[in-house]
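S.K.: As input, take entry27.txt (compact mmCIF, C-alpha atoms):
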```txt
# COMPACT_ATOMS: atom_id res chain seq x y z
CA MET E 1 11.18 19.99 20.26
CA LYS E 2 11.67 16.55 21.78
CA ASN E 3 9.70 13.65 20.36
CA ASN E 4 7.96 12.99 23.70
CA GLN E 5 6.51 16.51 23.77
CA LYS E 6 3.11 17.04 22.18
CA PHE E 7 3.23 19.10 18.99
CA GLN E 8 0.82 22.04 18.99
CA PRO E 9 -0.33 23.30 15.56
CA ASP E 10 -0.29 27.01 14.75
CA PRO E 11 -3.57 28.41 16.16
CA ASN E 12 -3.55 31.14 13.50
CA LEU E 13 -4.01 28.58 10.73
CA LYS E 14 -7.35 27.32 9.46
CA LEU E 15 -8.44 23.94 10.82
CA MET E 16 -7.50 21.85 7.76
CA ASP E 17 -4.14 23.61 7.50
CA GLN E 18 -3.56 22.68 11.15
CA VAL E 19 -4.43 19.06 10.31
CA ARG E 20 -1.88 19.02 7.49
CA GLN E 21 0.73 20.67 9.72
CA VAL E 22 0.36 17.97 12.38
CA LEU E 23 0.30 15.14 9.83
CA ARG E 24 3.53 16.39 8.30
CA TYR E 25 5.15 16.87 11.69
CA HIS E 26 4.50 13.21 12.44
CA HIS E 27 5.76 12.20 8.96
CA TYR E 28 2.54 10.68 7.72
CA ALA E 29 2.63 9.60 4.08
CA TYR E 30 1.17 12.03 1.54
CA ARG E 31 -1.48 9.46 0.59
CA THR E 32 -2.51 9.19 4.27
CA GLU E 33 -2.64 12.98 4.51
CA GLN E 34 -5.05 13.14 1.59
CA THR E 35 -7.21 10.35 3.02
CA TYR E 36 -7.41 11.82 6.52
CA CYS E 37 -8.25 15.28 5.20
CA TYR E 38 -10.97 13.81 3.00
CA TRP E 39 -12.69 12.05 5.92
CA ILE E 40 -12.37 15.01 8.28
CA VAL E 41 -13.98 17.32 5.72
CA ARG E 42 -16.77 14.78 5.13
CA TYR E 43 -17.33 14.53 8.88
CA ILE E 44 -17.69 18.31 9.23
CA ARG E 45 -19.94 18.67 6.17
CA PHE E 46 -22.17 15.80 7.31
CA PHE E 47 -23.75 18.17 9.79
CA GLU E 48 -25.51 20.87 7.80
CA ALA E 49 -24.83 23.49 10.45
CA LYS E 50 -21.12 22.86 9.79
CA ARG E 51 -20.22 23.23 13.45
CA HIS E 52 -16.60 23.26 14.47
CA PRO E 53 -15.41 19.77 15.52
CA ARG E 54 -14.38 21.06 18.95
CA ASP E 55 -18.09 21.71 19.61
CA MET E 56 -18.95 18.14 18.69
CA GLY E 57 -17.93 14.79 20.13
CA LYS E 58 -19.01 11.23 20.83
CA ILE E 59 -22.63 11.59 19.68
CA GLU E 60 -21.73 13.26 16.39
CA ILE E 61 -18.90 10.80 15.65
CA GLU E 62 -21.23 7.85 16.23
CA ALA E 63 -23.91 9.41 14.01
CA PHE E 64 -21.46 9.96 11.14
CA LEU E 65 -19.91 6.49 11.33
CA SER E 66 -23.33 4.84 11.58
CA HIS E 67 -24.46 6.80 8.52
CA LEU E 68 -21.49 5.45 6.56
CA ALA E 69 -22.46 1.89 7.46
CA VAL E 70 -26.25 2.13 7.02
CA GLU E 71 -26.82 4.64 4.22
CA GLY E 72 -23.36 4.65 2.71
CA LYS E 73 -22.98 0.86 2.91
CA VAL E 74 -19.20 1.22 3.13
CA SER E 75 -16.92 -1.68 3.98
CA ALA E 76 -15.60 -2.28 7.48
CA SER E 77 -12.11 -1.16 6.44
CA THR E 78 -13.44 2.10 4.97
CA GLN E 79 -15.42 2.84 8.13
CA ARG E 80 -12.34 2.13 10.25
CA GLN E 81 -10.31 4.48 8.05
CA ALA E 82 -12.82 7.26 8.68
CA LEU E 83 -12.74 6.58 12.43
CA ASN E 84 -8.92 6.74 12.47
CA ALA E 85 -8.99 10.11 10.72
CA ILE E 86 -11.52 11.57 13.17
CA VAL E 87 -9.69 10.21 16.22
CA PHE E 88 -6.48 11.78 14.85
CA LEU E 89 -8.28 15.12 14.53
CA TYR E 90 -9.46 15.13 18.13
CA LYS E 91 -6.36 13.65 19.73
CA ARG E 92 -3.53 15.23 17.77
CA VAL E 93 -4.95 18.47 16.41
CA LEU E 94 -7.66 19.65 18.83
CA ASP E 95 -6.08 18.07 21.90
CA GLN E 96 -9.54 16.75 22.85
CA PRO E 97 -9.14 12.97 22.80
CA VAL E 98 -12.45 11.13 22.79
CA GLU E 99 -12.11 9.12 25.99
CA GLU E 100 -15.53 7.48 25.79
CA LEU E 101 -16.03 4.28 23.79
CA ILE E 102 -17.42 5.03 20.34
CA GLU E 103 -20.50 2.84 19.93
CA HIS E 104 -21.48 3.23 16.28
CA ILE E 105 -23.24 0.82 13.97
CA ARG E 106 -20.43 -1.19 12.48
CA ALA E 107 -20.16 -1.93 8.79
CA HIS E 108 -20.49 -5.64 8.06
CA LYS E 109 -17.14 -7.31 7.58
CA HIS E 110 -17.24 -9.80 4.74
CA ARG E 111 -14.75 -12.60 5.16
CA ARG E 112 -14.40 -13.86 1.62
CA PRO E 113 -11.65 -16.20 0.43
CA PRO E 114 -9.14 -14.43 -1.82
CA VAL E 115 -9.32 -14.78 -5.59
CA VAL E 116 -6.38 -16.91 -6.75
CA MET E 117 -5.07 -17.73 -10.20
CA SER E 118 -3.62 -21.08 -11.13
CA GLN E 119 0.00 -21.11 -12.29
CA ALA E 120 -1.23 -21.57 -15.86
CA GLU E 121 -3.46 -18.50 -15.48
CA VAL E 122 -0.60 -16.45 -14.05
CA GLN E 123 1.52 -17.43 -17.05
CA GLY E 124 -1.37 -16.56 -19.36
CA VAL E 125 -1.58 -13.05 -17.92
CA LEU E 126 2.17 -12.45 -17.92
CA VAL E 127 2.60 -13.39 -21.60
CA GLN E 128 0.15 -10.60 -22.42
CA MET E 129 2.37 -8.01 -20.74
CA ALA E 130 5.65 -6.39 -21.73
CA GLY E 131 8.32 -3.94 -20.62
CA VAL E 132 8.38 -2.38 -17.17
CA HIS E 133 4.82 -3.43 -16.40
CA LEU E 134 5.71 -7.07 -17.03
CA LEU E 135 8.73 -6.76 -14.73
CA MET E 136 6.60 -5.23 -11.99
CA ALA E 137 3.94 -7.94 -12.30
CA GLN E 138 6.66 -10.60 -12.10
CA LEU E 139 7.84 -9.06 -8.84
CA LEU E 140 4.30 -9.00 -7.45
CA TYR E 141 3.94 -12.71 -8.11
CA GLY E 142 7.55 -13.81 -7.64
CA GLY E 143 8.02 -12.08 -4.29
CA GLY E 144 4.49 -11.67 -2.96
CA LEU E 145 4.70 -7.87 -3.04
CA ARG E 146 1.79 -5.53 -2.56
CA LEU E 147 1.20 -3.03 -5.35
CA MET E 148 2.60 0.01 -3.52
CA GLU E 149 5.52 -2.01 -2.11
CA CYS E 150 6.57 -2.68 -5.69
CA VAL E 151 5.99 0.89 -6.86
CA ARG E 152 8.01 2.32 -3.94
CA LEU E 153 10.99 -0.03 -4.20
CA ARG E 154 14.37 1.71 -3.90
CA VAL E 155 17.52 0.49 -5.65
CA GLN E 156 19.14 -0.36 -2.32
CA ASP E 157 16.21 -2.67 -1.49
CA LEU E 158 17.35 -5.14 -4.16
CA ASP E 159 20.11 -7.45 -2.90
CA PHE E 160 21.47 -9.10 -6.03
CA GLU E 161 24.21 -10.86 -4.06
CA ARG E 162 21.92 -12.64 -1.60
CA ASP E 163 18.88 -12.79 -3.91
CA LEU E 164 16.65 -10.96 -1.43
CA ILE E 165 14.21 -8.07 -1.58
CA TYR E 166 13.96 -5.78 1.45
CA LEU E 167 10.61 -4.13 2.01
CA ARG E 168 10.91 -1.09 4.26
CA ASP E 169 8.12 0.52 6.25
CA ALA E 170 5.47 -1.65 4.58
CA LYS E 171 1.87 -2.06 5.74
CA GLY E 172 1.64 -1.40 9.46
CA GLY E 173 5.06 0.31 9.42
CA LYS E 174 6.84 -3.06 9.40
CA ASP E 175 9.97 -4.15 7.55
CA ARG E 176 10.35 -7.60 6.03
CA THR E 177 12.44 -9.61 3.61
CA THR E 178 11.13 -11.72 0.76
CA ILE E 179 12.55 -13.97 -1.93
CA PHE E 180 14.08 -12.72 -5.16
CA PRO E 181 12.80 -14.44 -8.34
CA ALA E 182 15.97 -15.83 -9.91
CA SER E 183 14.35 -16.03 -13.36
CA ILE E 184 14.22 -12.23 -13.72
CA LYS E 185 17.50 -11.37 -11.99
CA SER E 186 19.45 -10.48 -15.13
CA ILE E 187 16.48 -8.57 -16.58
CA LEU E 188 16.14 -6.56 -13.37
CA GLN E 189 19.88 -5.84 -13.32
CA GLY E 190 19.61 -4.45 -16.86
CA HIS E 191 16.63 -2.34 -15.80
CA VAL E 192 18.54 -0.92 -12.80
CA ALA E 193 21.45 -0.05 -15.11
CA ARG E 194 19.07 2.00 -17.27
CA VAL E 195 17.67 3.69 -14.16
CA LYS E 196 21.23 4.63 -13.19
CA ARG E 197 21.84 6.28 -16.55
CA LEU E 198 18.62 8.25 -16.16
CA HIS E 199 19.71 9.34 -12.68
CA GLU E 200 23.08 10.49 -14.02
CA GLN E 201 21.28 12.57 -16.65
CA ASP E 202 19.14 14.17 -13.93
CA LEU E 203 22.24 15.00 -11.88
CA ALA E 204 23.90 16.58 -14.92
CA ALA E 205 20.78 18.70 -15.43
CA GLY E 206 20.88 19.94 -11.83
CA TYR E 207 18.25 17.60 -10.45
CA GLY E 208 18.65 13.99 -9.27
CA GLY E 209 17.07 14.33 -5.84
CA VAL E 210 14.39 11.96 -4.55
CA TYR E 211 11.89 12.01 -1.69
CA LEU E 212 13.31 10.54 1.53
CA PRO E 213 11.00 9.10 4.21
CA ASN E 214 10.88 9.93 7.91
CA ALA E 215 12.82 13.21 7.66
CA LEU E 216 15.99 11.37 6.62
CA GLY E 217 16.77 14.33 4.40
CA LYS E 218 17.53 16.43 7.48
CA LYS E 219 19.78 13.78 8.98
CA TYR E 220 21.56 13.00 5.70
CA PRO E 221 21.37 16.17 3.55
CA ARG E 222 23.02 14.60 0.48
CA ALA E 223 21.37 11.19 0.61
CA ASP E 224 18.51 12.21 -1.70
CA LYS E 225 20.92 12.25 -4.65
CA GLU E 226 22.58 8.92 -3.90
CA PHE E 227 21.71 6.23 -6.43
CA GLY E 228 20.77 3.71 -3.75
CA TRP E 229 17.83 5.87 -2.68
CA GLN E 230 16.41 6.24 -6.19
CA TYR E 231 13.21 4.45 -7.10
CA VAL E 232 13.55 1.20 -9.03
CA PHE E 233 10.58 2.27 -11.14
CA PRO E 234 10.97 6.03 -11.64
CA SER E 235 8.49 8.24 -13.43
CA LYS E 236 9.29 9.27 -16.99
CA GLN E 237 8.93 12.94 -16.08
CA LEU E 238 10.20 15.18 -13.32
CA SER E 239 7.47 16.62 -11.11
CA THR E 240 7.00 19.18 -8.36
CA ASP E 241 6.59 17.76 -4.87
CA PRO E 242 3.18 19.01 -3.61
CA ARG E 243 4.53 19.49 -0.07
CA SER E 244 8.00 20.96 -0.52
CA GLY E 245 7.70 22.44 -4.00
CA ILE E 246 10.98 20.74 -4.99
CA VAL E 247 11.28 19.47 -8.57
CA ARG E 248 12.44 15.84 -8.61
CA ARG E 249 11.72 12.42 -10.07
CA HIS E 250 9.07 10.42 -8.21
CA HIS E 251 8.07 6.80 -8.73
CA VAL E 252 5.61 5.70 -11.41
CA LEU E 253 1.90 5.92 -10.72
CA GLU E 254 0.33 2.66 -9.62
CA SER E 255 -2.57 3.23 -12.02
CA GLY E 256 -0.33 2.40 -14.99
CA LEU E 257 0.33 -1.13 -13.72
CA GLN E 258 -3.31 -1.57 -12.70
CA LYS E 259 -4.48 -0.75 -16.22
CA ALA E 260 -1.83 -3.02 -17.78
CA VAL E 261 -2.91 -5.96 -15.59
CA LYS E 262 -6.59 -5.36 -16.37
CA THR E 263 -5.85 -5.36 -20.11
CA ALA E 264 -3.70 -8.50 -19.86
CA VAL E 265 -6.38 -10.37 -17.90
CA ALA E 266 -8.97 -9.52 -20.57
CA ARG E 267 -6.66 -10.66 -23.36
CA ALA E 268 -5.92 -13.89 -21.50
CA GLU E 269 -9.69 -14.45 -21.30
CA ILE E 270 -9.64 -15.04 -17.56
CA HIS E 271 -13.08 -14.46 -16.13
CA LYS E 272 -12.12 -13.99 -12.50
CA ARG E 273 -11.94 -10.73 -10.58
CA VAL E 274 -8.19 -10.42 -11.04
CA GLY E 275 -6.16 -7.35 -10.07
CA CYS E 276 -2.61 -6.56 -8.97
CA HIS E 277 -3.22 -7.96 -5.48
CA THR E 278 -4.26 -11.30 -6.99
CA PHE E 279 -0.60 -11.95 -7.80
CA ARG E 280 0.23 -11.72 -4.08
CA HIS E 281 -2.64 -14.08 -3.20
CA SER E 282 -1.45 -16.51 -5.87
CA PHE E 283 2.14 -16.33 -4.59
CA ALA E 284 1.03 -17.37 -1.10
CA THR E 285 -1.31 -20.11 -2.27
CA HIS E 286 1.19 -21.67 -4.67
CA LEU E 287 3.92 -21.72 -2.01
CA LEU E 288 1.60 -23.58 0.36
CA GLU E 289 0.74 -26.04 -2.40
CA ASN E 290 4.47 -26.60 -2.91
CA GLY E 291 4.89 -27.53 0.75
CA VAL E 292 6.30 -24.30 2.21
CA ASN E 293 5.75 -24.13 5.98
CA ILE E 294 2.94 -21.73 6.88
CA ARG E 295 5.14 -19.97 9.47
CA VAL E 296 7.74 -19.28 6.78
CA LEU E 297 5.01 -17.97 4.51
CA GLN E 298 3.76 -15.75 7.34
CA GLU E 299 7.20 -14.08 7.48
CA LEU E 300 7.37 -13.66 3.70
CA MET E 301 3.91 -12.09 3.63
CA GLY E 302 4.54 -9.86 6.65
CA HIS E 303 1.45 -11.01 8.53
CA ALA E 304 1.38 -10.20 12.24
CA ASP E 305 -0.93 -13.16 12.95
CA VAL E 306 -0.68 -16.58 11.34
CA LYS E 307 -4.50 -16.63 11.19
CA THR E 308 -4.24 -14.10 8.38
CA THR E 309 -1.96 -16.47 6.49
CA GLU E 310 -4.25 -19.43 7.13
CA ILE E 311 -6.90 -17.96 4.82
CA TYR E 312 -4.86 -19.31 1.91
CA THR E 313 -5.33 -22.87 3.11
CA HIS E 314 -9.00 -22.47 2.12
CA VAL E 315 -8.18 -21.82 -1.54
CA MET E 316 -5.12 -24.02 -2.10
CA ALA E 317 -5.56 -27.06 -4.30
CA LYS E 318 -6.41 -30.10 -2.23
CA ASP E 319 -6.75 -33.75 -3.12
CA ILE E 320 -10.41 -33.40 -4.05
CA ASP E 321 -10.01 -34.23 -7.73
CA ALA E 322 -9.99 -37.94 -6.81
CA ILE E 323 -13.26 -37.69 -4.89
CA ALA E 324 -16.34 -38.67 -6.84
CA SER E 325 -19.52 -36.63 -6.58
CA PRO E 326 -22.33 -38.57 -4.87
CA LEU E 327 -24.41 -37.96 -8.01
CA ASP E 328 -21.88 -39.95 -10.04
CA THR E 329 -22.19 -42.96 -7.73
CA LEU E 330 -25.93 -43.39 -8.20
```
When written as structure tokens, how does the structure in this file appear?
M.R.:
Amino acid sequence: MKNNQKFQPDPNLKLMDQVRQVLRYHHYAYRTEQTYCYWIVRYIRFFEAKRHPRDMGKIEIEAFLSHLAVEGKVSASTQRQALNAIVFLYKRVLDQPVEELIEHIRAHKHRRPPVVMSQAEVQGVLVQMAGVHLLMAQLLYGGGLRLMECVRLRVQDLDFERDLIYLRDAKGGKDRTTIFPASIKSILQGHVARVKRLHEQDLAAGYGGVYLPNALGKKYPRADKEFGWQYVFPSKQLSTDPRSGIVRRHHVLESGLQKAVKTAVARAEIHKRVGCHTFRHSFATHLLENGVNIRVLQELMGHADVKTTEIYTHVMAKDIDAIASPLDTL
């Protein structure tokens, strides 16, 4: 089937199996598949009669999305996620695109400045960490990586010769390049060497394959066992792929790093709402404070609009320490 032809799911399958079939045909990530299925099921169950979605439309979609905003009090991004899932259902699965404008009550979008650590606070958190989790946190801060960008890094994404990190198919399906922290280069090289030995052991045991994105496995049948495609941070155990049933080594779970950061923040006695993404916010803010051009930072962060990058100008340290409070001048 050519890519410009519309894919029709198997009519003999149940609705949610059709949804999964279409999602997999279009190579949606497994995490996206789970999210879309969750919202579609919630949409159907919202109406007690549990009518088939093809018998519903604009009015029902608006009612569900408005409920999420008013009673559910979800964020704007969560409401938009639900809308995307429902639109996918109607357009791609049922072939009934909702042509009319959806006029639901929109969740309030809070525009809060990001939480940022000082360099001393970053150092305080990092000294409380060790091993692989420390290395991952250093990459988050040193290169401005998002959590899942770090978790999904492949060996070939690390350019030790040019000191660059390539981030493939990141948020919004975009690729970008960011800086390589020179201070951890030798440590990361040693880590990759250990990953290679683990991969060689897997190959000797008859395994060694890894998940390849965008159906690359069909185009390059042997690429899944090449070392360059292996994850930089592989799981300690082999696991069964929930889609294909193939036993292979996946990347580590992001929850491990999240828990390690939370513990380190508590030990460092930092009383801010700090998480993994705070390292990325701190990376951007500290570069601006060091005089990096905002357009350069925009490229490093992978922002489509410089206005997104400009939010960091609101939290960067400014020359306000020399300004006296009017109370002190009385």
S.K.: Quick one: everything within 12 Å of His67 (chain E), counting only C-alpha atoms, minus sequence neighbours fewer than 2 positions away in the same chain. Send it as a list in words.
M.R.: Arg42, Tyr43, Phe46, Phe47, Glu60, Ile61, Glu62, Ala63, Phe64, Leu65, Ala69, Val70, Glu71, Gly72, Lys73, Val74, Gln79, Ala82, His104, Ile105, Arg106 and Ala107 of chain E
S.K.: Show me a table, sorted first by chain and then by increasing residue number, of the residues of region 275-296 of chain E having an atom at most 12 Å from region 114-132 of chain E, each with its shortest atom pair and the distance in Å to one decimal, counting only C-alpha atoms and written as CSV.
M.R.:
```
residue,atom,partner,partner_atom,distance
E:Gly275,CA,E:Val115,CA,9.2
E:Cys276,CA,E:Val125,CA,11.1
E:His277,CA,E:Val115,CA,9.2
E:Thr278,CA,E:Val116,CA,6.0
E:Phe279,CA,E:Val116,CA,7.7
E:Arg280,CA,E:Val116,CA,8.8
E:His281,CA,E:Val116,CA,5.9
E:Ser282,CA,E:Val116,CA,5.0
E:Phe283,CA,E:Val116,CA,8.8
E:Ala284,CA,E:Val116,CA,9.3
E:Thr285,CA,E:Val116,CA,7.5
E:His286,CA,E:Gln119,CA,7.7
E:Leu287,CA,E:Gln119,CA,11.0
E:Glu289,CA,E:Ser118,CA,10.9
E:Asn290,CA,E:Gln119,CA,11.8
```
S.K.: In the coordinate frame of the file, compute which residues have an atom within 8 Å of (5.9, 8.2, -17.0) when using only C-alpha atoms, and state them as an MDAnalysis selection string.
M.R.: chainID E and resid 234:237 252:253
S.K.: Those same residues - C-alpha atoms - I'd like them written as a compact mmCIF listing (two decimals), keeping the file's coordinate frame.
M.R.:
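Result file out_6.txt:
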```txt
# COMPACT_ATOMS: atom_id res chain seq x y z
CA PRO E 234 10.97 6.03 -11.64
CA SER E 235 8.49 8.24 -13.43
CA LYS E 236 9.29 9.27 -16.99
CA GLN E 237 8.93 12.94 -16.08
CA VAL E 252 5.61 5.70 -11.41
CA LEU E 253 1.90 5.92 -10.72
```
S.K.: To one decimal place in Å, what is the distance between CA of Val195 (chain E) and CA of Ala260 (chain E)?
M.R.: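 Distance between the two atoms: 20.9 Å.
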S.K.: Provide an axis-aligned box for all listed atoms of region 159-172 of chain E, padding each side by 4 Å; report its centre and its edge lengths in Å to one decimal, as AutoDock Vina command-line options.
M.R.:
```
--center_x 12.9 --center_y -6.1 --center_z 1.7 --size_x 30.6 --size_y 21.3 --size_z 23.5
```
S.K.: Would you tabulate, counting all atoms listed in the file, all residues of region 220-277 of chain E that have an atom at most 8 Å from an atom of region 150-173 of chain E, showing the closest pair of atoms and their distance in Å to one decimal, sorted by chain then ascending number, as a Markdown table?
M.R.:
```
| residue | atom | partner | partner_atom | distance |
| --- | --- | --- | --- | --- |
| E:Phe227 | CA | E:Val155 | CA | 7.1 |
| E:Gly228 | CA | E:Gln156 | CA | 4.6 |
| E:Trp229 | CA | E:Arg154 | CA | 5.5 |
| E:Gln230 | CA | E:Arg154 | CA | 5.5 |
| E:Tyr231 | CA | E:Arg154 | CA | 4.4 |
| E:Val232 | CA | E:Arg154 | CA | 5.2 |
| E:Phe233 | CA | E:Val151 | CA | 6.4 |
| E:His251 | CA | E:Val151 | CA | 6.5 |
| E:Val252 | CA | E:Val151 | CA | 6.6 |
| E:Leu253 | CA | E:Val151 | CA | 7.5 |
| E:Glu254 | CA | E:Val151 | CA | 6.5 |
```
S.K.: Would you mind reading off the distance between CA of Lys58 (chain E) and CA of Leu83 (chain E), one decimal, in Å?
M.R.: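 One can read the CA of Lys58 (chain E) to CA of Leu83 (chain E) distance as 11.5 Å.
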S.K.: Hey, can you check how far CA of Leu23 (chain E) sits from CA of His250 (chain E)?
M.R.: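 CA of Leu23 (chain E) sits 20.6 Å away from CA of His250 (chain E).
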S.K.: So, counting all atoms listed in the file, which residue among E:Thr177, E:Glu200, E:Pro9, E:Gln96 is closest to His26 (chain E)?
M.R.: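 Under the stated criterion, the closest residue is E:Pro9.
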S.K.: Give me the residues near Lys14 (chain E) as a list in words, where near means some atom within 12 Å (using all atoms listed in the file) and where sequence neighbours in that chain fewer than 6 positions away do not count.
M.R.: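 Everything that qualifies: Arg20, Gln21, His52 and Val93 of chain E.
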S.K.: Skipping near chain neighbours, those fewer than 6 positions away, what residues fall within 12 Å of Gly57 (chain E) using all atoms listed in the file, listed as a list in words?
M.R.: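 The neighbour list is Tyr43, Ile44, Arg51, Ala63, Phe64, Ile86, Val87, Leu89, Tyr90, Lys91, Leu94, Gln96, Pro97, Val98, Glu99, Glu100, Leu101 and Ile102 of chain E.
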S.K.: Compare E:His27, E:Arg248, E:Arg111, E:Arg80 by their minimum atom-to-atom distance to Thr308 (chain E), counting all atoms listed in the file, and give me the closest one.
M.R.: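 Closest residue, counting all atoms listed in the file: E:Arg111.
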